[in-house]
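Right, one structure below, let's go through it.
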Amino acid sequence: MSQSQKCTYQTACELSNVRLIKHPLIEHKLTILRDRETDPFQFRMLVDEISYLMMFEATRDLALREVSVHTPVAQTSAYKLATKIMICPILRAALGMLDSVFKLIPDASVGFLGFQRDEKTAQAEFFYAKLPADAAERTAIIIDPMFATGGTAIDAVKFLLKNGVKKIKFISIIAAPEGLHRFSEIYPQVEVFTAAIDERLNEQKYIVPGLGDAGDRVFNTM
Ligand code: URA
């Protein structure tokens, strides 16, 4: 999309790699999450619950392998995951999403990606990464509650590709149309799952209406 064309909810919904997850439970929880009166304890619980529900959707196409299982009654064939997963939380706000993901895939590895937002430029600076040794063999699921300018997402995907990772998905609770467009132009093959596509970014590159600074609200550092 050219600079002069407007990125909107509608244009972002039409991007072929964007998956907007609509569910009444998510919608309800998201409303409480956005509310500025919601305290950090409840905020953390809601991030955890919404991430859990989103993860369920984002893992729908994971490959399975056939196995044999003995039930107390008989032997039967059944299925287990054939895909090795690496969850990549973008520090620090995504730490609030990590537990829920682990609940669903307890044997996933974690590859931490550290980016620090410079509040003056709104640019994210890369400062830390720790990937498992077999990262290149794993499907990476990057988690970050806020998908704002798309800059961090682009850098995170670039870093994983450079490290040999072939399959990457992204889960973000709230996204801005501008960020989704920018990201999708560069990485149209990477699916982005989000529970909301908001109106726009403000001058400080915060999502409007959004929920404020997700890291501050998770970690009570307002
Ligand atoms: N990061 C946040 O925590 N909130 C925003 O609105 C944008 C980036």
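Starting from 1 in every chain, residues are counted up; chains themselves are A, B, ... following the order of the structure tokens, and ligands are numbered from 1 as listed.
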Could you pull out the residues sitting within 10 Å of ligand 1, using only C-alpha atoms and all ligand atoms, and write them as a VMD selection string? chain A and resid 92 to 94 117 122 124 144 to 150 152 174 to 176 198 200 to 202 204 to 218
Please write the residues from the selection above to a file, keeping N, CA and C atoms, as an mmCIF file, in the first residue's frame.
```cif
data_model
loop_
_atom_site.group_PDB
_atom_site.id
_atom_site.type_symbol
_atom_site.label_atom_id
_atom_site.label_comp_id
_atom_site.auth_asym_id
_atom_site.auth_seq_id
_atom_site.Cartn_x
_atom_site.Cartn_y
_atom_site.Cartn_z
ATOM 1 N N ARG A 92 9.169 -6.889 26.979
ATOM 2 C CA ARG A 92 8.831 -7.651 28.151
ATOM 3 C C ARG A 92 7.365 -8.008 28.232
ATOM 4 N N ALA A 93 6.496 -7.263 27.514
ATOM 5 C CA ALA A 93 5.054 -7.437 27.685
ATOM 6 C C ALA A 93 4.585 -8.862 27.393
ATOM 7 N N ALA A 94 5.250 -9.548 26.452
ATOM 8 C CA ALA A 94 4.797 -10.888 26.051
ATOM 9 C C ALA A 94 4.986 -11.925 27.151
ATOM 10 N N ARG A 117 11.772 -0.348 23.520
ATOM 11 C CA ARG A 117 11.202 0.780 22.764
ATOM 12 C C ARG A 117 11.828 2.084 23.249
ATOM 13 N N ALA A 122 10.111 6.095 19.249
ATOM 14 C CA ALA A 122 9.153 4.975 19.113
ATOM 15 C C ALA A 122 9.757 3.818 18.319
ATOM 16 N N ALA A 124 12.073 0.385 18.104
ATOM 17 C CA ALA A 124 12.473 -0.688 19.014
ATOM 18 C C ALA A 124 13.928 -1.068 18.750
ATOM 19 N N ASP A 144 3.475 -11.226 21.175
ATOM 20 C CA ASP A 144 3.646 -9.832 21.611
ATOM 21 C C ASP A 144 2.230 -9.264 21.689
ATOM 22 N N PRO A 145 1.804 -8.779 22.859
ATOM 23 C CA PRO A 145 0.390 -8.364 22.947
ATOM 24 C C PRO A 145 0.006 -7.230 22.006
ATOM 25 N N MET A 146 0.969 -6.332 21.676
ATOM 26 C CA MET A 146 0.621 -5.170 20.861
ATOM 27 C C MET A 146 1.394 -5.174 19.541
ATOM 28 N N PHE A 147 0.684 -5.109 18.435
ATOM 29 C CA PHE A 147 1.301 -5.049 17.113
ATOM 30 C C PHE A 147 1.085 -3.621 16.619
ATOM 31 N N ALA A 148 2.020 -2.736 16.903
ATOM 32 C CA ALA A 148 1.806 -1.298 16.647
ATOM 33 C C ALA A 148 2.350 -0.876 15.282
ATOM 34 N N THR A 149 3.603 -0.429 15.222
ATOM 35 C CA THR A 149 4.153 0.029 13.928
ATOM 36 C C THR A 149 4.553 -1.145 13.032
ATOM 37 N N GLY A 150 4.729 -2.304 13.642
ATOM 38 C CA GLY A 150 5.199 -3.477 12.890
ATOM 39 C C GLY A 150 6.719 -3.568 12.878
ATOM 40 N N THR A 152 9.020 -3.855 15.333
ATOM 41 C CA THR A 152 9.568 -4.939 16.169
ATOM 42 C C THR A 152 9.274 -6.289 15.528
ATOM 43 N N ILE A 174 -3.789 -7.065 20.176
ATOM 44 C CA ILE A 174 -4.353 -5.904 19.465
ATOM 45 C C ILE A 174 -3.356 -5.421 18.411
ATOM 46 N N ALA A 175 -3.860 -5.109 17.223
ATOM 47 C CA ALA A 175 -2.979 -4.659 16.134
ATOM 48 C C ALA A 175 -3.479 -3.331 15.556
ATOM 49 N N ALA A 176 -2.529 -2.597 14.994
ATOM 50 C CA ALA A 176 -2.873 -1.350 14.284
ATOM 51 C C ALA A 176 -2.813 -1.626 12.780
ATOM 52 N N ASP A 198 -7.399 -2.271 15.579
ATOM 53 C CA ASP A 198 -7.918 -0.988 16.053
ATOM 54 C C ASP A 198 -7.874 0.064 14.949
ATOM 55 N N ARG A 200 -6.035 3.149 14.593
ATOM 56 C CA ARG A 200 -4.828 3.803 14.057
ATOM 57 C C ARG A 200 -3.765 3.890 15.139
ATOM 58 N N LEU A 201 -2.616 4.447 14.767
ATOM 59 C CA LEU A 201 -1.562 4.783 15.731
ATOM 60 C C LEU A 201 -1.644 6.280 16.015
ATOM 61 N N ASN A 202 -1.322 6.675 17.254
ATOM 62 C CA ASN A 202 -1.249 8.119 17.521
ATOM 63 C C ASN A 202 0.171 8.624 17.271
ATOM 64 N N GLN A 204 2.543 9.211 19.212
ATOM 65 C CA GLN A 204 3.562 8.477 19.999
ATOM 66 C C GLN A 204 3.648 7.010 19.581
ATOM 67 N N LYS A 205 2.940 6.673 18.529
ATOM 68 C CA LYS A 205 2.910 5.296 18.009
ATOM 69 C C LYS A 205 2.253 4.318 18.979
ATOM 70 N N TYR A 206 1.318 4.827 19.769
ATOM 71 C CA TYR A 206 0.487 3.941 20.580
ATOM 72 C C TYR A 206 -0.779 3.623 19.790
ATOM 73 N N ILE A 207 -1.304 2.424 20.036
ATOM 74 C CA ILE A 207 -2.508 2.020 19.309
ATOM 75 C C ILE A 207 -3.725 2.722 19.912
ATOM 76 N N VAL A 208 -4.589 3.248 19.014
ATOM 77 C CA VAL A 208 -5.813 3.949 19.418
ATOM 78 C C VAL A 208 -7.019 3.129 18.948
ATOM 79 N N PRO A 209 -7.961 2.750 19.834
ATOM 80 C CA PRO A 209 -7.979 3.053 21.260
ATOM 81 C C PRO A 209 -7.018 2.194 22.091
ATOM 82 N N GLY A 210 -6.673 1.014 21.639
ATOM 83 C CA GLY A 210 -5.673 0.193 22.312
ATOM 84 C C GLY A 210 -5.975 -0.091 23.760
ATOM 85 N N LEU A 211 -4.921 -0.158 24.558
ATOM 86 C CA LEU A 211 -5.074 -0.360 26.004
ATOM 87 C C LEU A 211 -3.956 0.319 26.784
ATOM 88 N N GLY A 212 -3.192 1.176 26.103
ATOM 89 C CA GLY A 212 -2.065 1.836 26.769
ATOM 90 C C GLY A 212 -0.805 1.003 26.606
ATOM 91 N N ASP A 213 0.095 1.145 27.552
ATOM 92 C CA ASP A 213 1.353 0.396 27.482
ATOM 93 C C ASP A 213 1.152 -0.973 28.120
ATOM 94 N N ALA A 214 1.173 -2.001 27.297
ATOM 95 C CA ALA A 214 0.860 -3.343 27.785
ATOM 96 C C ALA A 214 1.872 -3.804 28.839
ATOM 97 N N GLY A 215 3.154 -3.519 28.611
ATOM 98 C CA GLY A 215 4.185 -3.929 29.579
ATOM 99 C C GLY A 215 3.960 -3.275 30.923
ATOM 100 N N ASP A 216 3.659 -1.994 30.916
ATOM 101 C CA ASP A 216 3.410 -1.283 32.172
ATOM 102 C C ASP A 216 2.204 -1.854 32.897
ATOM 103 N N ARG A 217 1.195 -2.233 32.137
ATOM 104 C CA ARG A 217 -0.028 -2.729 32.788
ATOM 105 C C ARG A 217 0.153 -4.156 33.294
ATOM 106 N N VAL A 218 0.957 -4.962 32.581
ATOM 107 C CA VAL A 218 1.239 -6.334 33.075
ATOM 108 C C VAL A 218 2.091 -6.269 34.330
#
```
Just the residues within 12 Å of stretch 61-74 of chain A, please, counting only C-alpha atoms, with nothing from its chain fewer than 4 positions along; format it as a PyMOL selection string. chain A and resi 55-57+78-85+105+138-141+167-169+191
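Considering the residues A:Ser16, A:Gln75, A:Gln42, A:Thr194 and counting only C-alpha atoms, A:Asn220 has its shortest atom-to-atom contact with A:Gln42.
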Using only C-alpha atoms, the residue out of A:Met86, A:Leu180, A:Ala58, A:Leu95 with shortest distance to A:Asp134 is A:Met86
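In this comparison, which uses only C-alpha atoms, the residue of A:Arg60, A:Asn17, A:Asn163, A:Phe112 approaching A:Ile186 most closely is A:Asn17.
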